[in-house]
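The data block below is final-v3.txt; it holds compact mmCIF, C-alpha atoms and all ligand atoms.
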```txt
# COMPACT_ATOMS: atom_id res chain seq x y z
CA MET P 29 -4.88 -24.86 -4.71
CA ASN P 30 -1.61 -24.31 -6.57
CA PHE P 31 -0.48 -22.22 -9.53
CA GLU P 32 -0.54 -25.20 -11.92
CA ASP P 33 -4.34 -25.28 -11.55
CA PHE P 34 -4.55 -22.08 -13.60
CA LYS P 35 -2.82 -23.83 -16.53
CA LEU P 36 -0.24 -21.07 -16.84
CA ASN P 37 2.61 -20.94 -19.32
CA SER P 38 5.59 -22.90 -18.00
CA THR P 39 7.95 -19.90 -18.23
CA LEU P 40 5.55 -17.88 -16.10
CA LEU P 41 5.36 -20.72 -13.56
CA GLU P 42 9.14 -20.71 -13.48
CA GLY P 43 9.08 -16.98 -12.74
CA LEU P 44 6.57 -17.51 -9.93
CA TYR P 45 8.58 -20.21 -8.26
CA SER P 46 11.82 -18.28 -8.61
CA MET P 47 10.10 -15.45 -6.70
CA GLY P 48 9.47 -17.95 -3.90
CA TYR P 49 5.68 -18.06 -4.35
CA LYS P 50 4.52 -21.54 -3.39
CA GLY P 51 0.78 -21.17 -3.87
CA PRO P 52 -1.74 -18.43 -4.65
CA THR P 53 -2.94 -16.07 -1.91
CA PRO P 54 -6.76 -15.69 -1.51
CA ILE P 55 -6.95 -12.61 -3.75
CA GLN P 56 -4.91 -14.45 -6.39
CA GLU P 57 -7.17 -17.51 -6.18
CA GLN P 58 -10.18 -15.35 -6.90
CA ALA P 59 -8.82 -12.72 -9.29
CA ILE P 60 -6.65 -14.83 -11.60
CA PRO P 61 -9.53 -16.87 -13.16
CA VAL P 62 -11.67 -13.75 -13.65
CA ILE P 63 -8.88 -11.83 -15.37
CA LEU P 64 -7.95 -14.88 -17.45
CA SER P 65 -11.57 -15.06 -18.64
CA ASN P 66 -11.29 -11.47 -19.94
CA LYS P 67 -14.05 -10.09 -17.74
CA ASP P 68 -13.84 -6.64 -16.15
CA LEU P 69 -13.08 -6.76 -12.45
CA VAL P 70 -13.42 -4.56 -9.37
CA ALA P 71 -11.30 -5.98 -6.56
CA CYS P 72 -11.16 -4.68 -3.03
CA ALA P 73 -7.84 -5.75 -1.53
CA GLN P 74 -5.19 -4.14 0.63
CA THR P 75 -1.46 -4.18 0.07
CA GLY P 76 0.13 -7.20 1.67
CA THR P 77 -2.47 -9.60 0.24
CA GLY P 78 -0.51 -10.33 -2.94
CA LYS P 79 -2.78 -8.06 -4.99
CA THR P 80 -0.08 -6.96 -7.43
CA ALA P 81 0.69 -10.49 -8.56
CA ALA P 82 -3.08 -11.14 -8.63
CA PHE P 83 -3.35 -8.91 -11.69
CA LEU P 84 0.16 -9.38 -13.10
CA ILE P 85 0.05 -13.18 -13.35
CA PRO P 86 -3.06 -13.38 -15.61
CA VAL P 87 -2.00 -10.36 -17.64
CA ILE P 88 1.41 -11.90 -18.34
CA GLU P 89 -0.37 -15.13 -19.28
CA HIS P 90 -2.55 -13.18 -21.74
CA ILE P 91 0.55 -11.57 -23.24
CA LEU P 92 2.28 -14.92 -23.65
CA LYS P 93 -0.78 -16.26 -25.45
CA SER P 94 -1.03 -13.40 -27.94
CA GLU P 95 0.38 -14.11 -31.35
CA THR P 96 1.80 -10.66 -32.04
CA ARG P 97 3.45 -8.51 -29.43
CA TYR P 98 2.38 -4.88 -29.18
CA LEU P 99 1.84 -2.64 -26.20
CA ASN P 100 -0.72 -4.86 -24.49
CA THR P 101 -1.34 -3.54 -20.97
CA LEU P 102 -1.42 -0.20 -19.21
CA ILE P 103 -1.15 -0.14 -15.42
CA ILE P 104 -1.80 3.17 -13.67
CA ALA P 105 -0.59 3.55 -10.08
CA PRO P 106 -0.66 6.55 -7.72
CA THR P 107 3.03 6.96 -6.84
CA ARG P 108 6.38 6.44 -8.49
CA GLU P 109 7.41 4.07 -5.68
CA LEU P 110 4.43 1.85 -6.39
CA ALA P 111 4.98 2.09 -10.15
CA LEU P 112 8.60 1.00 -9.69
CA GLN P 113 7.60 -1.90 -7.47
CA ILE P 114 5.06 -3.14 -9.98
CA ASP P 115 7.71 -2.83 -12.69
CA GLN P 116 10.10 -4.87 -10.54
CA GLN P 117 7.50 -7.59 -9.97
CA ILE P 118 6.98 -7.78 -13.74
CA ASP P 119 10.74 -8.21 -14.12
CA GLY P 120 10.66 -11.07 -11.61
CA LEU P 121 7.52 -12.83 -12.84
CA GLY P 122 8.36 -12.29 -16.51
CA TYR P 123 12.05 -13.09 -16.20
CA PHE P 124 11.90 -16.47 -17.96
CA SER P 125 9.27 -15.47 -20.49
CA GLY P 126 10.83 -12.21 -21.64
CA VAL P 127 7.76 -10.07 -20.99
CA SER P 128 8.92 -6.46 -20.92
CA SER P 129 7.70 -3.36 -19.14
CA ILE P 130 8.48 0.33 -18.84
CA ALA P 131 7.88 2.48 -15.78
CA ILE P 132 6.80 6.03 -16.55
CA TYR P 133 6.77 8.40 -13.62
CA GLY P 134 7.37 12.05 -12.91
CA GLY P 135 9.47 13.98 -10.47
CA ASN P 136 12.83 13.24 -12.03
CA ASP P 137 15.25 15.13 -14.21
CA GLY P 138 15.21 15.81 -17.96
CA PHE P 139 17.54 12.88 -18.59
CA ALA P 140 15.09 10.38 -17.09
CA TRP P 141 12.28 11.97 -19.08
CA GLU P 142 14.28 11.46 -22.29
CA GLN P 143 15.12 7.89 -21.23
CA GLN P 144 11.45 7.09 -20.61
CA LYS P 145 10.54 8.50 -24.01
CA HIS P 146 13.32 6.50 -25.62
CA SER P 147 12.17 3.23 -23.96
CA LEU P 148 8.70 3.95 -25.24
CA GLU P 149 9.99 4.24 -28.77
CA ASN P 150 11.59 0.79 -28.39
CA GLY P 151 8.28 -0.65 -27.23
CA ALA P 152 7.22 -2.94 -24.39
CA ASP P 153 4.40 -5.30 -23.47
CA ILE P 154 3.37 -3.36 -20.38
CA ILE P 155 3.54 0.28 -19.32
CA VAL P 156 3.34 1.07 -15.61
CA ALA P 157 2.68 4.76 -15.14
CA THR P 158 1.70 7.45 -12.70
CA PRO P 159 -1.22 9.56 -13.99
CA GLY P 160 0.47 12.97 -14.22
CA ARG P 161 3.47 11.90 -16.28
CA LEU P 162 1.38 9.62 -18.46
CA LYS P 163 -1.00 12.45 -19.28
CA ALA P 164 1.91 14.68 -20.27
CA LEU P 165 3.33 11.96 -22.53
CA LEU P 166 -0.03 11.32 -24.14
CA GLN P 167 -0.43 14.98 -24.93
CA SER P 168 2.92 14.94 -26.68
CA GLY P 169 1.57 12.05 -28.78
CA GLY P 170 4.24 9.60 -27.63
CA ILE P 171 2.31 6.36 -27.13
CA ASP P 172 0.44 4.10 -29.52
CA PHE P 173 -2.40 2.35 -27.71
CA THR P 174 -4.04 0.87 -30.81
CA HIS P 175 -3.51 -2.72 -29.68
CA LEU P 176 -4.04 -2.23 -25.96
CA GLN P 177 -6.02 -5.08 -24.38
CA HIS P 178 -5.93 -4.46 -20.62
CA LEU P 179 -6.16 -1.40 -18.41
CA ILE P 180 -5.41 -1.78 -14.70
CA LEU P 181 -5.95 0.90 -12.09
CA ASP P 182 -4.03 0.00 -8.94
CA GLU P 183 -4.78 1.59 -5.55
CA ALA P 184 -7.53 3.50 -7.27
CA ASP P 185 -8.83 5.00 -4.01
CA ARG P 186 -5.43 6.54 -3.41
CA MET P 187 -5.42 8.03 -6.91
CA LEU P 188 -8.81 9.60 -6.28
CA ASP P 189 -7.61 10.96 -2.91
CA MET P 190 -4.68 12.52 -4.70
CA GLY P 191 -7.01 14.29 -7.14
CA PHE P 192 -6.32 12.16 -10.23
CA PHE P 193 -10.00 11.50 -11.10
CA ASP P 194 -10.06 13.83 -14.11
CA ASP P 195 -6.60 12.79 -15.29
CA ILE P 196 -7.64 9.15 -15.30
CA LYS P 197 -10.78 9.90 -17.27
CA ASN P 198 -8.74 11.95 -19.67
CA ILE P 199 -6.20 9.13 -20.14
CA ILE P 200 -9.00 6.64 -20.79
CA ASN P 201 -10.13 8.75 -23.76
CA TYR P 202 -6.89 7.77 -25.49
CA LEU P 203 -7.49 4.02 -25.07
CA PRO P 204 -9.43 1.62 -27.29
CA LYS P 205 -13.05 1.22 -26.15
CA LYS P 206 -12.84 -2.55 -26.49
CA ARG P 207 -10.53 -3.61 -23.69
CA GLN P 208 -10.52 -5.35 -20.32
CA THR P 209 -10.56 -2.96 -17.37
CA ILE P 210 -9.47 -4.01 -13.90
CA LEU P 211 -9.70 -1.82 -10.84
CA PHE P 212 -7.95 -2.62 -7.56
CA SER P 213 -8.64 -0.55 -4.49
CA ALA P 214 -8.27 -0.85 -0.72
CA THR P 215 -11.57 0.94 -0.09
CA MET P 216 -14.73 1.63 -2.09
CA PRO P 217 -15.85 5.21 -1.40
CA PRO P 218 -18.85 6.53 -3.45
CA LYS P 219 -16.58 8.43 -5.84
CA MET P 220 -14.88 5.16 -6.67
CA ARG P 221 -18.18 3.49 -7.48
CA LEU P 222 -18.92 6.41 -9.79
CA LEU P 223 -15.61 5.92 -11.59
CA ALA P 224 -16.14 2.15 -11.74
CA ASN P 225 -19.61 2.63 -13.26
CA GLN P 226 -18.21 4.95 -15.87
CA ILE P 227 -15.25 2.89 -17.05
CA LEU P 228 -16.02 -0.78 -16.39
CA HIS P 229 -18.37 -3.02 -18.28
CA GLU P 230 -20.46 -5.46 -16.20
CA PRO P 231 -17.56 -6.12 -13.84
CA GLU P 232 -17.19 -9.06 -11.50
CA SER P 233 -16.43 -8.02 -7.92
CA ILE P 234 -14.12 -9.50 -5.36
CA ASN P 235 -13.81 -8.33 -1.80
CA ILE P 236 -10.96 -9.70 0.26
CA ALA P 237 -11.45 -9.19 4.00
CA ILE P 238 -11.29 -5.45 3.73
CA SER P 239 -10.28 -3.50 6.79
CA LYS P 240 -8.66 -6.36 8.58
CA PRO P 241 -4.93 -6.46 9.10
CA ALA P 242 -3.01 -9.67 8.43
CA GLU P 243 -3.33 -12.26 11.18
CA GLY P 244 0.40 -12.40 11.89
CA ILE P 245 0.63 -8.86 13.30
CA LEU P 246 0.92 -8.42 17.05
CA GLN P 247 -0.81 -5.08 17.65
CA GLN P 248 -0.10 -3.07 20.77
CA ALA P 249 -0.78 0.49 21.90
CA TYR P 250 0.62 2.83 24.53
CA VAL P 251 -1.87 5.36 25.88
CA VAL P 252 0.37 8.35 26.60
CA TYR P 253 0.85 12.09 26.91
CA ASP P 254 2.74 13.58 23.95
CA SER P 255 5.87 14.13 26.03
CA GLN P 256 6.06 10.39 26.82
CA LYS P 257 6.12 9.22 23.20
CA GLU P 258 9.78 9.82 22.43
CA PRO P 259 11.29 8.33 25.61
CA ILE P 260 9.16 5.19 25.23
CA LEU P 261 10.03 4.91 21.55
CA LYS P 262 13.75 5.07 22.36
CA LYS P 263 13.26 2.27 24.86
CA VAL P 264 11.33 0.16 22.33
CA LEU P 265 14.09 0.64 19.75
CA GLU P 266 16.67 -0.73 22.20
CA ASN P 267 15.18 -4.16 21.47
CA GLU P 268 17.55 -5.49 18.85
CA ASP P 269 15.10 -8.15 17.77
CA PHE P 270 13.46 -5.37 15.76
CA LYS P 271 15.87 -5.52 12.87
CA SER P 272 13.84 -3.52 10.38
CA VAL P 273 11.62 -0.71 11.62
CA ILE P 274 9.27 1.86 10.10
CA ILE P 275 8.04 4.82 12.14
CA PHE P 276 5.06 6.86 10.94
CA ALA P 277 4.52 10.44 12.06
CA SER P 278 1.72 12.78 11.04
CA THR P 279 3.62 15.54 9.22
CA LYS P 280 6.85 16.02 7.27
CA GLU P 281 8.02 18.49 9.92
CA LYS P 282 7.52 15.91 12.66
CA VAL P 283 9.34 13.30 10.58
CA LYS P 284 12.34 15.61 10.27
CA ALA P 285 12.29 16.55 13.95
CA LEU P 286 12.13 12.90 15.00
CA GLU P 287 15.04 12.06 12.73
CA LYS P 288 17.09 14.80 14.32
CA SER P 289 16.34 13.65 17.80
CA LEU P 290 16.55 9.87 17.33
CA ILE P 291 19.65 9.77 15.16
CA LYS P 292 21.84 10.58 18.17
CA HIS P 293 20.48 7.47 19.81
CA GLU P 294 20.23 5.26 16.74
CA PRO P 295 22.52 6.19 13.82
CA SER P 296 21.06 3.61 11.41
CA LEU P 297 18.02 5.75 10.73
CA ARG P 298 16.76 8.02 7.95
CA ALA P 299 13.72 10.17 7.31
CA PHE P 300 11.86 9.61 4.02
CA HIS P 301 9.86 12.57 2.72
CA SER P 302 8.94 14.55 -0.34
CA ASP P 303 11.70 17.16 0.13
CA LEU P 304 14.28 14.53 -0.80
CA ASP P 305 14.98 14.17 -4.49
CA GLN P 306 14.23 10.99 -6.40
CA ASN P 307 17.82 9.70 -6.18
CA GLU P 308 17.98 10.22 -2.44
CA ARG P 309 14.66 8.45 -1.96
CA GLU P 310 15.74 5.51 -4.07
CA GLU P 311 19.08 5.30 -2.25
CA ILE P 312 17.38 5.27 1.17
CA MET P 313 14.93 2.63 0.03
CA ARG P 314 17.72 0.49 -1.39
CA LYS P 315 19.64 0.64 1.88
CA PHE P 316 16.52 -0.17 3.86
CA LYS P 317 15.65 -3.13 1.66
CA SER P 318 19.16 -4.53 1.85
CA ARG P 319 19.14 -4.16 5.65
CA ASN P 320 21.91 -1.56 5.64
CA LEU P 321 19.50 0.85 7.24
CA ARG P 322 17.52 -0.26 10.26
CA ILE P 323 14.92 2.46 10.67
CA LEU P 324 12.85 4.56 8.27
CA ILE P 325 10.71 7.47 9.46
CA GLY P 326 7.98 8.82 7.20
CA THR P 327 4.45 10.07 6.76
CA ASP P 328 1.65 8.07 5.14
CA ILE P 329 3.39 8.38 1.78
CA LEU P 330 5.50 5.47 3.01
CA SER P 331 2.58 3.24 3.84
CA ARG P 332 1.35 2.78 0.30
CA GLY P 333 4.58 2.99 -1.56
CA ILE P 334 6.88 0.42 -0.12
CA ASP P 335 7.21 -3.25 -0.59
CA VAL P 336 9.83 -4.59 1.77
CA ASP P 337 9.64 -8.06 3.19
CA GLY P 338 10.25 -8.90 6.81
CA ILE P 339 9.69 -5.56 8.52
CA SER P 340 9.71 -6.51 12.17
CA LEU P 341 8.21 -3.39 13.73
CA VAL P 342 5.86 -0.62 12.61
CA VAL P 343 5.46 2.31 15.01
CA ASN P 344 2.64 4.80 14.72
CA PHE P 345 4.26 7.69 16.53
CA ASP P 346 0.98 9.52 15.88
CA ALA P 347 -2.30 7.68 15.47
CA PRO P 348 -3.19 7.58 11.75
CA PRO P 349 -5.79 10.03 10.41
CA ASP P 350 -8.31 7.34 9.56
CA PRO P 351 -8.86 3.63 10.12
CA GLU P 352 -7.94 2.55 6.62
CA ASP P 353 -4.59 4.31 6.97
CA TYR P 354 -3.94 2.36 10.15
CA ILE P 355 -4.53 -0.91 8.33
CA HIS P 356 -2.26 0.21 5.50
CA ARG P 357 0.51 1.30 7.83
CA ILE P 358 0.59 -1.81 9.94
CA GLY P 359 0.26 -3.88 6.76
CA ARG P 360 3.93 -2.99 6.14
CA THR P 361 4.76 -5.71 8.64
CA ALA P 362 3.70 -9.37 8.55
CA ARG P 363 3.49 -9.29 4.75
CA ALA P 364 2.56 -12.50 3.00
CA GLU P 365 2.14 -14.48 6.20
CA LYS P 366 5.26 -13.40 8.07
CA THR P 367 4.88 -12.12 11.64
CA GLY P 368 5.56 -8.63 12.97
CA VAL P 369 4.74 -6.10 15.66
CA ALA P 370 2.77 -2.85 15.31
CA ILE P 371 2.90 -0.30 18.13
CA THR P 372 0.72 2.80 18.25
CA PHE P 373 1.12 5.77 20.55
CA ILE P 374 -2.27 7.23 21.46
CA ASN P 375 -2.37 10.66 23.03
CA GLU P 376 -5.56 11.98 24.62
CA ARG P 377 -6.67 13.78 21.48
CA ASP P 378 -6.35 10.61 19.39
CA GLN P 379 -8.21 8.25 21.71
CA LEU P 380 -11.50 8.65 19.92
CA LYS P 381 -9.84 8.16 16.55
CA PHE P 382 -8.22 4.98 17.81
CA ALA P 383 -11.51 3.64 19.16
CA GLN P 384 -12.88 4.07 15.65
CA ILE P 385 -9.97 2.09 14.25
CA GLU P 386 -10.69 -0.70 16.73
CA ALA P 387 -14.36 -0.62 15.77
CA LEU P 388 -13.53 -0.88 12.09
CA MET P 389 -11.31 -3.89 12.71
CA GLY P 390 -13.86 -5.43 15.04
CA ARG P 391 -11.29 -6.00 17.77
CA ASP P 392 -9.56 -4.22 20.62
CA VAL P 393 -5.83 -3.61 20.51
CA GLU P 394 -3.81 -4.58 23.58
CA LYS P 395 -2.96 -1.50 25.69
CA VAL P 396 0.51 -1.94 27.15
CA THR P 397 0.96 -0.50 30.64
CA VAL P 398 3.37 2.44 30.51
CA PRO P 399 6.32 1.56 32.79
CA ASP P 400 6.63 3.76 35.92
CA GLU P 401 9.96 5.21 34.78
CA PHE P 402 8.06 7.24 32.15
CA GLY P 403 5.69 8.81 34.66
CA LYS P 404 1.93 8.57 35.04
CA ALA P 405 0.05 7.97 31.79
CA PRO P 406 -3.52 8.98 30.92
CA GLU P 407 -6.38 6.48 31.02
CA TYR P 408 -7.89 5.05 27.85
CA ASN P 409 -11.37 6.47 27.87
CA PRO P 410 -12.50 7.43 24.34
CA GLU P 411 -16.04 8.18 25.51
CA ALA P 412 -14.82 10.80 27.96
CA GLN P 413 -12.56 12.24 25.28
CA LYS P 414 -15.46 12.47 22.89
CA ARG P 415 -17.56 14.34 25.45
CA LYS P 416 -14.61 16.64 26.09
CA GLN P 417 -14.04 17.29 22.39
CA ASN P 418 -17.55 18.01 21.19
CA GLY P 419 -19.92 17.73 24.11
CA LYS P 420 -22.02 15.05 22.41
CA PRO P 421 -23.49 11.98 24.14
CA SER P 422 -21.41 8.88 24.72
CA PHE P 423 -19.63 7.02 21.93
CA ASN P 424 -21.17 3.74 20.86
CA LYS P 425 -18.71 2.08 18.55
CA ASN P 426 -20.98 -0.77 17.50
CA LYS P 427 -23.79 1.54 16.63
CA ASN P 428 -21.58 3.87 14.64
CA PHE P 429 -19.39 1.44 12.86
CA ASN P 430 -20.89 -2.02 12.68
CA LYS P 431 -21.79 -1.52 9.03
CA ARG P 432 -18.11 -1.46 8.11
CA SER P 433 -16.61 -3.68 10.77
CA LYS P 434 -16.26 -7.42 10.75
CA PRO P 435 -16.05 -8.98 14.18
CA ASN P 436 -12.99 -11.09 14.67
CA ASN P 437 -13.88 -13.08 17.71
CA GLN P 438 -10.72 -15.10 17.73
CA ASN P 439 -8.69 -12.03 18.43
CA LYS P 440 -11.12 -10.34 20.74
CA LYS P 441 -9.91 -9.91 24.27
CA SER P 442 -12.18 -11.47 26.83
P1 LIG N 1 1.22 -6.88 -2.51
O1 LIG N 1 -0.07 -7.13 -1.78
O2 LIG N 1 1.07 -6.98 -3.96
O3 LIG N 1 1.83 -5.58 -2.06
O4 LIG N 1 2.24 -8.07 -2.14
C1 LIG N 1 2.79 -8.26 -0.85
C2 LIG N 1 4.02 -9.15 -0.87
O5 LIG N 1 3.63 -10.50 -1.02
C3 LIG N 1 5.01 -8.85 -1.97
O6 LIG N 1 6.30 -8.82 -1.40
C4 LIG N 1 4.88 -10.00 -2.94
O7 LIG N 1 6.10 -10.30 -3.59
C5 LIG N 1 4.47 -11.14 -2.00
N1 LIG N 1 3.62 -12.17 -2.65
C6 LIG N 1 2.68 -11.97 -3.62
N2 LIG N 1 2.10 -13.15 -3.96
C7 LIG N 1 2.68 -14.11 -3.19
C8 LIG N 1 2.50 -15.52 -3.08
N3 LIG N 1 1.60 -16.18 -3.81
N4 LIG N 1 3.26 -16.18 -2.18
C9 LIG N 1 4.16 -15.52 -1.42
N5 LIG N 1 4.39 -14.18 -1.49
C10 LIG N 1 3.65 -13.49 -2.35
```
Since I need it in another form, could you write the structure as structure tokens?
Amino acid sequence: MNFEDFKLNSTLLEGLYSMGYKGPTPIQEQAIPVILSNKDLVACAQTGTGKTAAFLIPVIEHILKSETRYLNTLIIAPTRELALQIDQQIDGLGYFSGVSSIAIYGGNDGFAWEQQKHSLENGADIIVATPGRLKALLQSGGIDFTHLQHLILDEADRMLDMGFFDDIKNIINYLPKKRQTILFSATMPPKMRLLANQILHEPESINIAISKPAEGILQQAYVVYDSQKEPILKKVLENEDFKSVIIFASTKEKVKALEKSLIKHEPSLRAFHSDLDQNEREEIMRKFKSRNLRILIGTDILSRGIDVDGISLVVNFDAPPDPEDYIHRIGRTARAEKTGVAITFINERDQLKFAQIEALMGRDVEKVTVPDEFGKAPEYNPEAQKRKQNGKPSFNKNKNFNKRSKPNNQNKKS
């Protein structure tokens, strides 16, 4: 299948090809016709699948078809980083067709607030907004949604996790009842279904291989004691083939401590966290994207918010809190069919958690033998850890998780 099959406007096709997109990804193949047909849609797709363009392409096509140009589409996203990325993709895709967008997000100074208000007065085809700032703007009466046709909620599960449920419902009260509503989410927890039932009308559903990382990722794990993590990480980073690296740690404090310790060893490294102001965060991200910074260290806030191609290595310095986060984190590498490596350090406490991640993916991750120079490492025995942690009977991953997991026999170790 190729993009011409959707009979898109030629200026939009030009935009697509200039972005280097040769053909639609699976989520795009399925979502574009549904959105073009004006039906409501619930789509389950992770980042890295091309989900953003899956909703932007048909929405831009709708805009190009409309005879008069008013504010046509509202996209709500959980973080300013994601809102900015969506805005940038609109710039790229809409470059030849002149479709315009405004990003509205909080956390910046009064000047930016005034600028956002000013851009709104000038009008645009699409607004991309974070819920908090949008709600504030709506209350000040700054946006005319009379002609709005499409509402898109991106990474809706993340927005619910962040406590935006009521804000979103409140925002929807300002929108015309007759509209197309599209909801994209990596997971479908019950609260999400509730929201979907309340705001969508007879939606179509699409589910793209949820909970499976991209095929091009080489996944490895080191089973270690906490004290072994840092020395092994330093060794791993000596490999200069890893030109662009993201390291995830569990807390902001750990991120800062790791930065302090690793920077002596590897100067091209920065921590990315919420204590930095907006300008600092944007500057770090710019440097990282342009390859003037080799390593970023962050918490899970990084895993959803960044869109950088060609990351060669993702390191989970601490095992992620839940399986979906693991998939999101390692999805930062091997994006859109490129290859990459994901390494996870598993301490004894996290063994059970990691076994659950493996169960969700339906495959085991290769455990790399810890070289002798780092001392004796613990064994990987999640069942024993489970008994130790809560005294319950042995762990049976298939029994507990086979409802959510999809076996991937090709990748299964024999
Ligand atoms: P997303 O899942 O929206 O975060 O997109 C992941 C990455 O894939 C982004 O860098 C997009 O620019 C890129 N991408 C989206 N669609 C395509 C496509 N059809 N072909 C190649 N790359 C794409």
* Among listed residues P:Gln208, P:Asn30, P:Ser125, P:Ser255, nearest Lys404 in chain P (using all atoms listed in the file) ->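 Under the stated criterion, the closest residue is P:Ser255.
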Looking at P:Ser38, P:Thr80, P:Thr215, P:Ser65, which one is nearest to ligand LIG 1 (chain N), with distances taken over all atoms listed in the file?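 Of P:Ser38, P:Thr80, P:Thr215, P:Ser65, the one nearest ligand LIG 1 (chain N), counting all atoms listed in the file, is P:Thr80.
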Could you list, as a PyMOL selection string, all residues that come within 10 Å of ligand LIG 1 (chain N)? Count all atoms listed in the file.
chain P and resi 30-31+44-45+47-57+73-85+110+113-114+116-117+120-121+182+332-338+359-360+362-366
Smallest atom-to-atom distance to Ser278 in chain P: which of P:Ile339, P:Ala347, P:Val251, P:Ala299, using all atoms listed in the file?
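When distances to Ser278 in chain P are compared using all atoms listed in the file, the smallest one comes from P:Ala347.
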Exercise. Do you have the CA of Ser340 in chain P-CA of Asp119 in chain P distance handy?
Worked result: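 Interatomic distance, CA of Ser340 in chain P to CA of Asp119 in chain P: 26.4 Å.
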### Query
Which residue out of P:Val70, P:Ile132, P:Leu304, P:Val393 has the minimum interatomic distance to Ser147 in chain P when only C-alpha atoms are used?
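For Ser147 in chain P, the nearest of the candidates is P:Ile132.
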* Would you mind listing what lies within 12 Å of Leu222 in chain P as a PyMOL selection string, with only C-alpha atoms counted and same-chain residues fewer than 3 positions away left out? => chain P and resi 185+188+193+197+216-219+225-228
Set up a box along x, y and z of the file covering all listed atoms of range 253-266 of chain P, add 4 Å on every one of the six sides, and write the centre and edge lengths in Å to one decimal, as JSON.
```
{"center_x": 8.8, "center_y": 6.7, "center_z": 23.3, "size_x": 23.8, "size_y": 22.9, "size_z": 15.2}
```
- Query: What residues have an atom no more than 10 Å from (13.2, 0.7, 0.9) in the file's own frame, counting all atoms listed in the file, and can you write them as a list in words?
  - Reply: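 Returned residue set, sorted by chain then number, is Glu109, Phe300, Arg309, Glu310, Glu311, Ile312, Met313, Arg314, Lys315, Phe316, Lys317, Ser318, Arg319, Leu321, Leu324, Leu330, Gly333, Ile334, Asp335, Val336 and Asp337 of chain P.
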Go ahead and save the picked residues with C-alpha atoms, as a short mmCIF file (atom, residue, chain, number, x, y, z; two decimals), keeping the file's coordinate frame.
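Final output, saved to result-v9.cif:
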```
data_model
loop_
_atom_site.label_atom_id
_atom_site.label_comp_id
_atom_site.auth_asym_id
_atom_site.auth_seq_id
_atom_site.Cartn_x
_atom_site.Cartn_y
_atom_site.Cartn_z
CA GLU P 109 7.41 4.07 -5.68
CA PHE P 300 11.86 9.61 4.02
CA ARG P 309 14.66 8.45 -1.96
CA GLU P 310 15.74 5.51 -4.07
CA GLU P 311 19.08 5.30 -2.25
CA ILE P 312 17.38 5.27 1.17
CA MET P 313 14.93 2.63 0.03
CA ARG P 314 17.72 0.49 -1.39
CA LYS P 315 19.64 0.64 1.88
CA PHE P 316 16.52 -0.17 3.86
CA LYS P 317 15.65 -3.13 1.66
CA SER P 318 19.16 -4.53 1.85
CA ARG P 319 19.14 -4.16 5.65
CA LEU P 321 19.50 0.85 7.24
CA LEU P 324 12.85 4.56 8.27
CA LEU P 330 5.50 5.47 3.01
CA GLY P 333 4.58 2.99 -1.56
CA ILE P 334 6.88 0.42 -0.12
CA ASP P 335 7.21 -3.25 -0.59
CA VAL P 336 9.83 -4.59 1.77
CA ASP P 337 9.64 -8.06 3.19
#
```
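We find CA of Ile154 in chain P and CA of His229 in chain P to be spaced 21.8 Å apart.
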Among the residues P:Glu281, P:Glu411, P:Asp153, P:Asp254, the one that comes closest to Lys381 in chain P [using only C-alpha atoms]:
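Selected residue with least distance to Lys381 in chain P: P:Glu411.
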